[in-house]
Structures are given as structure tokens and as C-alpha cells.
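One structure is given here, and the rest of the page talks about it.
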Amino acid sequence: MYQLLFQLLFRRMDPERAHHLAVGWIRLAARVPVLRTFVAAVLAPRHPELRTEALGLRMHGPFGLAAGFDKNAVAVDGMAMLGFDHVEIGTVTGEPQPGNPRKRLFRLTADRALINRMGFNNEGSAAVADRLAGRREVFRTTVGVNIGKTKAVPEQEAVADYVTSTERLARHADYLVVNVSSPNTPGLRDLQAVDQLRPLLTAVREAADRSVPGRRVPLLVKIAPDLADDDIDAVADLAVELGLDGVIATNTTIARESLGLTSDPTVVAETGGLSGAPLKDRSLEVLRRLYARVGDRITLVGVGGVENAEDAWRRILAGATLVQGYSAFIYQGPCWSRSVHRGLAARLASSPYATLAEAVGADTRKPV
């Protein structure tokens, strides 16, 4: 049914307009008590064997919605209704901003991919904090908050900008993510350099502790797939040194060559970050390298090119305790999370592992 709807309606519609329409429908369904209960029963059945503990949190399973879909925390319950075990909102910036000029979102349908140069369009950390503070939870889910730099803020003031968002949002977050890897904010990726990343993460950690004195809010950093291997190792070592709770691997890529893209070359040439199926191999490679470096000392989150249960399972075997997706949701629709959960449960049942926790990193730990 969704594939027909996609072909007849969404595919012919501007991608950003289609996104807002879909979010509106999801929000509406989540507001109607009988309807949301029915939708959740059909699309979010629980698999007890998939229950996951990560970042000091208990979740129904390992599969969550990546940042980018719900920038302003308007659809948390709706996405939980569709079966996502955690929902990462944002990216949220210190100040509200409209993002880059439209058109800024492009489908590469033949490649099951997207290109975006949204530019962190969001209502700002004050507005999002107010929305989270007033949220009445309908479905229990873990809420991550992804924060980034306001475009107008100079690089030398970036730390203060992140601290402002942290002070406003930390108390409402089950975990926080420092995003320094989007390609759509000038200079942002420069913050991945260890000499700049160390003071930034230290300041955010201190701000979170000040803002929420009675609870340690887990802190993660999200990195790009385009980092050189030595830089990945440096970030991994820094994460361990600072006692970071986790690393998310990976964000979108600016690469186009060697990805085997078959979509219209004029669309492929659009600037911005590419997500979806073509990112699969590199994201998995980065994840494996991180796990080989840090082992079980910090939590790894695998994201990038996750389309199905097999992709999610491979991320877990490579070292991811949690797995996220977004782009495939656009192409596969509301039954996607249910399909991933069913497939994961089946793979776990047929594996030699008694629990998902036993499977995490199993491929990396195998003797060569």
C-alpha cells in the first residue's frame, strides 16, 4: 500500500513538502486515542528478546530514528507509535534559523538515497526546550537531543553556542548528541579536529552536569564518514579519554565518486550530505574501526545506509549497541520499523547468541 502511495503521490511531490505532509499525518494519528492504540498494536509489537540496555537506559529494542526527521520535537510520540525504540530529535541550534534556501532536499530514488543541504533549519533550543517540557508522554520512548552550531555564530564562539543549547535542553534529554559532522553548516566539520573537539565536549559535559545536578545525562558525539582513518582513531581515543558515553557513526557524506550512483547526474551533483543505501559500506567500515579501537568502553550507535534487519544485524555484530535509520523510512514507509524488529528477532533466534548484548561486536572479536 505505501509503495503505491509513494509512487502516485509522494514521488511526484517536492520532497520537503512531502516530509511535512507525512509528519502532519503521523502527529494527527498520535493525537487520536483509539487510532494511536490500534496503529501501535499493528506497527509496534514488542519483542522481549530485543530489550536493550544502553547509556544507562532501558529500551524496548535497539532500533531508533536518527536525527533530522523530527527537528523540533513535534512528532516524538508519533514515531514511537510507529515502533522506534528511541527518537533522536534535532539538530537543534542555540538560535532559531530558517536553514538554507530551498530547494534543499533531493531524492535519488534509483539509489534509495537522499541529498540534503537543509542547514539545521529549526526553531531554536529555547522553543524546543519549552515543547519538550510541556510534552505529555503517550508512548514511552527514549528521547535523544542532537545539538549543533548556529550558522551565524562565529567559529570562535561555537563552544558558547553549544553550551547555551545544553543548558536549555539537557534536563529534557535522555541523552545528548554533539553534532560536529553535518556538511551543511560552514566550518562545522572543522570542530571534529581533536584540538577543537576536546574543549567543546568538555564544556558541554560541564554544562549538562550543572544543568541537571541530580542525573548524569549521557553525552555522545556524531562523526562524519569522510574522516580519515587516523582521525577516526583520534576521535575514538578522545572519547575514551574524556569519559564520553558514546559515538554515533555516521552522519551524511559529501562523497559522490565510487558510490555507484545511478540516479540523474544533475541531482547527484547537488551539494549537501548524501544519506541512504550508498553510505552503507563506509558507515559499517567506520563502525568496525571504532569498535576495534574502543571495544566495550563506550556505546557505539550505527547509522548510515540501514535499510533492513540484515543491515541492523550487521551493525550489531560490528559493535553497535544501538542502530538508527532515517532515509529508508522515506522509501519503505510506516511498516519499516516493524519489519526491522521482526527480522532482528529472527536473526537473534537463529544465532549462537542468547541476547543482543552478546552479539554486539561479535564479528570484530573473532580471531583472525
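Residues are named by chain letter and number: chains run A, B, ... in the order of the C-alpha cells, numbers start at 1 in each chain, and ligands are numbered from 1 in the order shown.
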
Taking only residues of segment 128-161 of chain A that have an atom at most 12 Å from an atom of segment 43-52 of chain A, what is each one's shortest atom pair and its distance in Å to one decimal, using only C-alpha atoms, in chain and number order, as a Markdown table?
```
| residue | atom | partner | partner_atom | distance |
| --- | --- | --- | --- | --- |
| A:Phe139 | CA | A:Ala44 | CA | 10.6 |
| A:Arg140 | CA | A:Ala44 | CA | 11.9 |
| A:Thr141 | CA | A:Ala44 | CA | 11.8 |
| A:Thr142 | CA | A:Thr52 | CA | 11.4 |
```

Selection export as an mmCIF file, in the first residue's frame, atoms kept: all heavy atoms:
```cif
data_model
loop_
_atom_site.group_PDB
_atom_site.id
_atom_site.type_symbol
_atom_site.label_atom_id
_atom_site.label_comp_id
_atom_site.auth_asym_id
_atom_site.auth_seq_id
_atom_site.Cartn_x
_atom_site.Cartn_y
_atom_site.Cartn_z
ATOM 1 N N PHE A 139 3.469 7.476 24.491
ATOM 2 C CA PHE A 139 4.190 6.207 24.355
ATOM 3 C C PHE A 139 5.576 6.378 24.958
ATOM 4 O O PHE A 139 6.272 7.352 24.665
ATOM 5 C CB PHE A 139 4.335 5.814 22.881
ATOM 6 C CG PHE A 139 3.022 5.541 22.193
ATOM 7 C CD1 PHE A 139 2.464 6.488 21.356
ATOM 8 C CD2 PHE A 139 2.352 4.345 22.397
ATOM 9 C CE1 PHE A 139 1.253 6.242 20.723
ATOM 10 C CE2 PHE A 139 1.152 4.092 21.767
ATOM 11 C CZ PHE A 139 0.595 5.046 20.927
ATOM 12 N N ARG A 140 5.960 5.424 25.798
ATOM 13 C CA ARG A 140 7.278 5.513 26.415
ATOM 14 C C ARG A 140 8.362 5.248 25.382
ATOM 15 O O ARG A 140 8.367 4.220 24.714
ATOM 16 C CB ARG A 140 7.410 4.508 27.566
ATOM 17 C CG ARG A 140 8.686 4.705 28.386
ATOM 18 C CD ARG A 140 8.795 3.683 29.506
ATOM 19 N NE ARG A 140 9.185 2.378 29.019
ATOM 20 C CZ ARG A 140 10.449 2.035 28.745
ATOM 21 N NH1 ARG A 140 11.418 2.913 28.882
ATOM 22 N NH2 ARG A 140 10.735 0.810 28.332
ATOM 23 N N THR A 141 9.239 6.196 25.237
ATOM 24 C CA THR A 141 10.372 6.010 24.349
ATOM 25 C C THR A 141 11.529 6.848 24.858
ATOM 26 O O THR A 141 11.344 7.799 25.625
ATOM 27 C CB THR A 141 10.025 6.414 22.895
ATOM 28 O OG1 THR A 141 11.063 5.966 22.016
ATOM 29 C CG2 THR A 141 9.882 7.920 22.744
ATOM 30 N N THR A 142 12.726 6.494 24.445
ATOM 31 C CA THR A 142 13.916 7.258 24.806
ATOM 32 C C THR A 142 14.055 8.426 23.846
ATOM 33 O O THR A 142 13.942 8.250 22.626
ATOM 34 C CB THR A 142 15.159 6.354 24.732
ATOM 35 O OG1 THR A 142 15.027 5.311 25.708
ATOM 36 C CG2 THR A 142 16.430 7.137 24.993
#
```

So that I can check the secondary structure, give me every residue of segment 162-248 of chain A assigned alpha helix (DSSP H) by backbone DSSP, as a PyMOL selection string. chain A and resi 162-169+194-211+229-241

Fewer than 5 positions away in the same chain doesn't count, so skip those; otherwise give me all residues within 12 Å of Asp230 of chain A, counting only C-alpha atoms, as a PyMOL selection string. chain A and resi 193-194+235-237+286+289-290+293

Could you pull the residues within 6 Å of Ala320 of chain A, counting only C-alpha atoms, minus those fewer than 2 positions along the same chain, as a ChimeraX atom specification? /A:300-302,315-316,322

For the contact check between segment 39-146 of chain A and segment 151-167 of chain A, emit one row per residue of segment 39-146 of chain A within 7 Å, containing the shortest atom pair and the distance in Å rounded to one decimal, counting only C-alpha atoms, chain then rising number order, as a Markdown table.
```
| residue | atom | partner | partner_atom | distance |
| --- | --- | --- | --- | --- |
| A:Thr93 | CA | A:Ser165 | CA | 6.6 |
| A:Gly94 | CA | A:Ser165 | CA | 5.0 |
| A:Ser125 | CA | A:Ser165 | CA | 5.4 |
```

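Counting only C-alpha atoms, the residue from A:Arg36, A:Arg297, A:Arg168, A:His19 that sits nearest to Thr321 of chain A is A:Arg297.
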
I'd like the neighbourhood of segment 333-345 of chain A as a ChimeraX atom specification, where a residue qualifies if any of its atoms comes within 9 Å (using only C-alpha atoms), though same-chain residues fewer than 2 positions away should be ignored. /A:2-3,6,42-47,49-50,61-64,82-84,307-310,312-313,328-331,347-350

Limited to N, CA, C and O atoms, could you put the picked residues into a file as a short mmCIF file (atom, residue, chain, number, x, y, z; two decimals), in the first residue's frame?
```cif
data_model
loop_
_atom_site.label_atom_id
_atom_site.label_comp_id
_atom_site.auth_asym_id
_atom_site.auth_seq_id
_atom_site.Cartn_x
_atom_site.Cartn_y
_atom_site.Cartn_z
N TYR A 2 1.88 1.30 0.91
CA TYR A 2 2.70 2.51 0.96
C TYR A 2 3.46 2.71 -0.34
O TYR A 2 3.63 3.86 -0.79
N GLN A 3 3.96 1.62 -0.93
CA GLN A 3 4.71 1.75 -2.18
C GLN A 3 3.85 2.39 -3.27
O GLN A 3 4.33 3.23 -4.04
N PHE A 6 3.53 6.03 -2.40
CA PHE A 6 4.78 6.72 -2.71
C PHE A 6 4.88 7.02 -4.20
O PHE A 6 5.23 8.14 -4.61
N VAL A 42 -0.44 -2.60 15.75
CA VAL A 42 -0.11 -3.21 14.46
C VAL A 42 1.36 -2.99 14.09
O VAL A 42 2.04 -3.91 13.63
N LEU A 43 1.85 -1.77 14.29
CA LEU A 43 3.17 -1.40 13.78
C LEU A 43 4.29 -1.46 14.83
O LEU A 43 5.46 -1.42 14.47
N ALA A 44 3.92 -1.55 16.11
CA ALA A 44 4.96 -1.55 17.14
C ALA A 44 4.82 -2.70 18.13
O ALA A 44 4.87 -2.50 19.34
N PRO A 45 4.63 -3.93 17.63
CA PRO A 45 4.58 -5.06 18.56
C PRO A 45 5.93 -5.24 19.24
O PRO A 45 6.98 -5.03 18.63
N ARG A 46 5.91 -5.61 20.50
CA ARG A 46 7.15 -5.73 21.26
C ARG A 46 7.74 -7.12 21.15
O ARG A 46 7.02 -8.12 21.11
N HIS A 47 9.06 -7.16 21.11
CA HIS A 47 9.81 -8.42 21.10
C HIS A 47 10.68 -8.41 22.35
O HIS A 47 11.75 -7.77 22.36
N GLU A 49 12.79 -10.29 23.59
CA GLU A 49 14.18 -10.72 23.43
C GLU A 49 15.09 -9.60 22.88
O GLU A 49 16.31 -9.71 22.92
N LEU A 50 14.47 -8.53 22.36
CA LEU A 50 15.24 -7.41 21.81
C LEU A 50 15.48 -6.29 22.82
O LEU A 50 16.13 -5.29 22.49
N GLY A 61 14.03 -1.94 22.43
CA GLY A 61 14.88 -2.59 21.45
C GLY A 61 15.99 -1.66 21.04
O GLY A 61 16.11 -0.54 21.56
N PRO A 62 16.81 -2.05 20.07
CA PRO A 62 18.00 -1.27 19.70
C PRO A 62 17.78 -0.27 18.57
O PRO A 62 18.69 0.49 18.24
N PHE A 63 16.59 -0.28 17.95
CA PHE A 63 16.41 0.43 16.68
C PHE A 63 15.69 1.76 16.88
O PHE A 63 14.57 1.81 17.38
N GLY A 64 16.35 2.84 16.49
CA GLY A 64 15.78 4.16 16.69
C GLY A 64 15.77 5.01 15.44
O GLY A 64 16.35 4.66 14.40
N LEU A 82 5.01 4.36 15.80
CA LEU A 82 5.40 3.56 14.63
C LEU A 82 6.46 2.53 14.96
O LEU A 82 6.91 1.81 14.07
N GLY A 83 6.90 2.48 16.23
CA GLY A 83 7.76 1.39 16.65
C GLY A 83 9.21 1.70 16.90
O GLY A 83 9.99 0.79 17.21
N PHE A 84 9.62 2.96 16.79
CA PHE A 84 11.02 3.28 17.02
C PHE A 84 11.31 3.24 18.52
O PHE A 84 10.59 3.82 19.32
N GLU A 307 18.85 -0.24 5.90
CA GLU A 307 17.59 -0.38 5.17
C GLU A 307 16.70 -1.50 5.70
O GLU A 307 15.49 -1.48 5.48
N ASN A 308 17.29 -2.48 6.36
CA ASN A 308 16.51 -3.66 6.73
C ASN A 308 17.14 -4.34 7.95
O ASN A 308 18.15 -3.88 8.49
N ALA A 309 16.54 -5.45 8.35
CA ALA A 309 17.03 -6.15 9.54
C ALA A 309 18.44 -6.68 9.35
O ALA A 309 19.23 -6.68 10.31
N GLU A 310 18.77 -7.10 8.16
CA GLU A 310 20.12 -7.61 7.92
C GLU A 310 21.15 -6.50 8.13
O GLU A 310 22.21 -6.73 8.74
N ALA A 312 20.80 -3.87 10.08
CA ALA A 312 20.84 -3.61 11.51
C ALA A 312 21.64 -4.70 12.24
O ALA A 312 22.44 -4.41 13.14
N TRP A 313 21.43 -5.94 11.87
CA TRP A 313 22.14 -7.07 12.49
C TRP A 313 23.64 -6.97 12.24
O TRP A 313 24.46 -7.20 13.14
N ALA A 328 15.69 5.30 4.76
CA ALA A 328 14.89 4.16 4.31
C ALA A 328 13.44 4.30 4.72
O ALA A 328 12.55 3.73 4.06
N PHE A 329 13.16 5.04 5.78
CA PHE A 329 11.78 5.29 6.19
C PHE A 329 11.01 6.00 5.09
O PHE A 329 9.82 5.75 4.86
N ILE A 330 11.70 6.90 4.39
CA ILE A 330 11.07 7.65 3.30
C ILE A 330 10.62 6.69 2.19
O ILE A 330 9.56 6.87 1.60
N TYR A 331 11.43 5.70 1.91
CA TYR A 331 11.15 4.78 0.80
C TYR A 331 10.30 3.58 1.20
O TYR A 331 9.61 3.01 0.35
N ARG A 347 16.83 -13.21 13.46
CA ARG A 347 18.28 -13.43 13.36
C ARG A 347 18.88 -13.78 14.72
O ARG A 347 19.78 -14.61 14.80
N LEU A 348 18.41 -13.14 15.76
CA LEU A 348 18.90 -13.47 17.09
C LEU A 348 18.55 -14.91 17.45
O LEU A 348 19.39 -15.65 17.98
N ALA A 349 17.31 -15.32 17.12
CA ALA A 349 16.86 -16.67 17.46
C ALA A 349 17.69 -17.74 16.75
O ALA A 349 17.91 -18.83 17.30
N SER A 350 18.15 -17.44 15.54
CA SER A 350 18.91 -18.43 14.78
C SER A 350 20.42 -18.29 14.97
O SER A 350 21.20 -19.02 14.35
#
```

When you look at Asp130 of chain A with a cut-off of 12 Å (counting only C-alpha atoms), what residues show up, excluding the ones that are within fewer than 4 positions of it in the same chain? I need them as a ChimeraX atom specification. /A:72-74,123-126,134-135,168-169,171-172

Spatial neighbours of Pro15 of chain A, 12 Å, only C-alpha atoms, chain gap at least 3 places, as a JSON list (two decimals) with N, CA and C atoms, in the first residue's frame:
```
[["chain", "number", "residue", "atom", "x", "y", "z"],
["A", 6, "PHE", "N", 3.53, 6.03, -2.40],
["A", 6, "PHE", "CA", 4.78, 6.72, -2.71],
["A", 6, "PHE", "C", 4.88, 7.02, -4.20],
["A", 9, "LEU", "N", 1.85, 9.56, -5.19],
["A", 9, "LEU", "CA", 1.74, 10.86, -4.53],
["A", 9, "LEU", "C", 3.10, 11.44, -4.14],
["A", 10, "PHE", "N", 3.77, 10.79, -3.21],
["A", 10, "PHE", "CA", 4.97, 11.39, -2.64],
["A", 10, "PHE", "C", 6.08, 11.60, -3.67],
["A", 11, "ARG", "N", 6.25, 10.62, -4.57],
["A", 11, "ARG", "CA", 7.34, 10.73, -5.53],
["A", 11, "ARG", "C", 7.16, 11.93, -6.46],
["A", 12, "ARG", "N", 5.91, 12.32, -6.70],
["A", 12, "ARG", "CA", 5.62, 13.44, -7.59],
["A", 12, "ARG", "C", 5.65, 14.78, -6.86],
["A", 18, "ALA", "N", 6.52, 16.86, 0.96],
["A", 18, "ALA", "CA", 6.06, 15.51, 1.30],
["A", 18, "ALA", "C", 6.42, 15.16, 2.74],
["A", 19, "HIS", "N", 7.60, 15.59, 3.17],
["A", 19, "HIS", "CA", 8.03, 15.34, 4.55],
["A", 19, "HIS", "C", 7.06, 15.99, 5.53],
["A", 20, "HIS", "N", 6.76, 17.26, 5.31],
["A", 20, "HIS", "CA", 5.86, 17.97, 6.23],
["A", 20, "HIS", "C", 4.46, 17.35, 6.23],
["A", 21, "LEU", "N", 4.02, 16.89, 5.06],
["A", 21, "LEU", "CA", 2.71, 16.25, 4.99],
["A", 21, "LEU", "C", 2.71, 14.95, 5.79],
["A", 22, "ALA", "N", 3.75, 14.15, 5.64],
["A", 22, "ALA", "CA", 3.84, 12.89, 6.37],
["A", 22, "ALA", "C", 3.91, 13.12, 7.88],
["A", 102, "ARG", "N", 15.57, 27.08, -0.23],
["A", 102, "ARG", "CA", 15.00, 25.94, -0.95],
["A", 102, "ARG", "C", 15.33, 26.11, -2.43],
["A", 103, "LYS", "N", 15.44, 25.06, -3.17],
["A", 103, "LYS", "CA", 15.22, 23.66, -2.90],
["A", 103, "LYS", "C", 16.47, 23.08, -2.25],
["A", 104, "ARG", "N", 16.29, 22.26, -1.20],
["A", 104, "ARG", "CA", 17.41, 21.82, -0.38],
["A", 104, "ARG", "C", 17.33, 20.35, 0.01],
["A", 105, "LEU", "N", 16.35, 19.64, -0.52],
["A", 105, "LEU", "CA", 16.21, 18.21, -0.25],
["A", 105, "LEU", "C", 15.90, 17.51, -1.56],
["A", 106, "PHE", "N", 16.64, 16.44, -1.87],
["A", 106, "PHE", "CA", 16.54, 15.78, -3.17],
["A", 106, "PHE", "C", 16.50, 14.27, -2.99],
["A", 107, "ARG", "N", 15.63, 13.63, -3.75],
["A", 107, "ARG", "CA", 15.57, 12.16, -3.74],
["A", 107, "ARG", "C", 16.44, 11.59, -4.86],
["A", 108, "LEU", "N", 17.20, 10.56, -4.53],
["A", 108, "LEU", "CA", 17.88, 9.74, -5.52],
["A", 108, "LEU", "C", 17.20, 8.38, -5.47],
["A", 109, "THR", "N", 16.02, 8.31, -6.07],
["A", 109, "THR", "CA", 15.16, 7.15, -5.90],
["A", 109, "THR", "C", 15.82, 5.87, -6.40],
["A", 114, "LEU", "N", 19.12, 10.01, -0.37],
["A", 114, "LEU", "CA", 18.70, 11.40, -0.30],
["A", 114, "LEU", "C", 19.94, 12.28, -0.30],
["A", 115, "ILE", "N", 19.80, 13.49, -0.83],
["A", 115, "ILE", "CA", 20.79, 14.54, -0.63],
["A", 115, "ILE", "C", 20.07, 15.69, 0.05],
["A", 116, "ASN", "N", 20.66, 16.18, 1.14],
["A", 116, "ASN", "CA", 20.06, 17.34, 1.79],
["A", 116, "ASN", "C", 21.12, 18.38, 2.09],
["A", 118, "MET", "N", 19.85, 21.05, 4.18],
["A", 118, "MET", "CA", 18.85, 21.77, 4.96],
["A", 118, "MET", "C", 19.45, 22.92, 5.74],
["A", 327, "SER", "N", 16.63, 7.55, 6.21],
["A", 327, "SER", "CA", 16.34, 7.64, 4.78],
["A", 327, "SER", "C", 15.45, 6.51, 4.29],
["A", 330, "ILE", "N", 11.70, 6.90, 4.39],
["A", 330, "ILE", "CA", 11.07, 7.65, 3.30],
["A", 330, "ILE", "C", 10.62, 6.69, 2.19],
["A", 331, "TYR", "N", 11.43, 5.70, 1.91],
["A", 331, "TYR", "CA", 11.15, 4.78, 0.80],
["A", 331, "TYR", "C", 10.30, 3.58, 1.20]]
```

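You will find atom CA of Val217 of chain A at 10.3 Å from atom CA of Val177 of chain A.
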
Where does DSSP see strand (DSSP E or B) in segment 162-283 of chain A, if you list the residues as a PyMOL selection string? chain A and resi 175-179+219-223+246-249+253+273-276

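For the pair atom CA of Ala228 of chain A and atom CA of Leu274 of chain A, the separation is 17.7 Å.
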
Output as a tab-separated table one row per residue of segment 197-262 of chain A within 12 Å of segment 184-187 of chain A: the closest atom pair and its distance in Å to one decimal place, counting only C-alpha atoms, sorted by chain and residue number ascending.
```
residue	atom	partner	partner_atom	distance
A:Asn251	CA	A:Asn184	CA	11.4
A:Thr252	CA	A:Asn184	CA	9.9
A:Thr253	CA	A:Asn184	CA	10.6
A:Ile254	CA	A:Asn184	CA	9.7
```
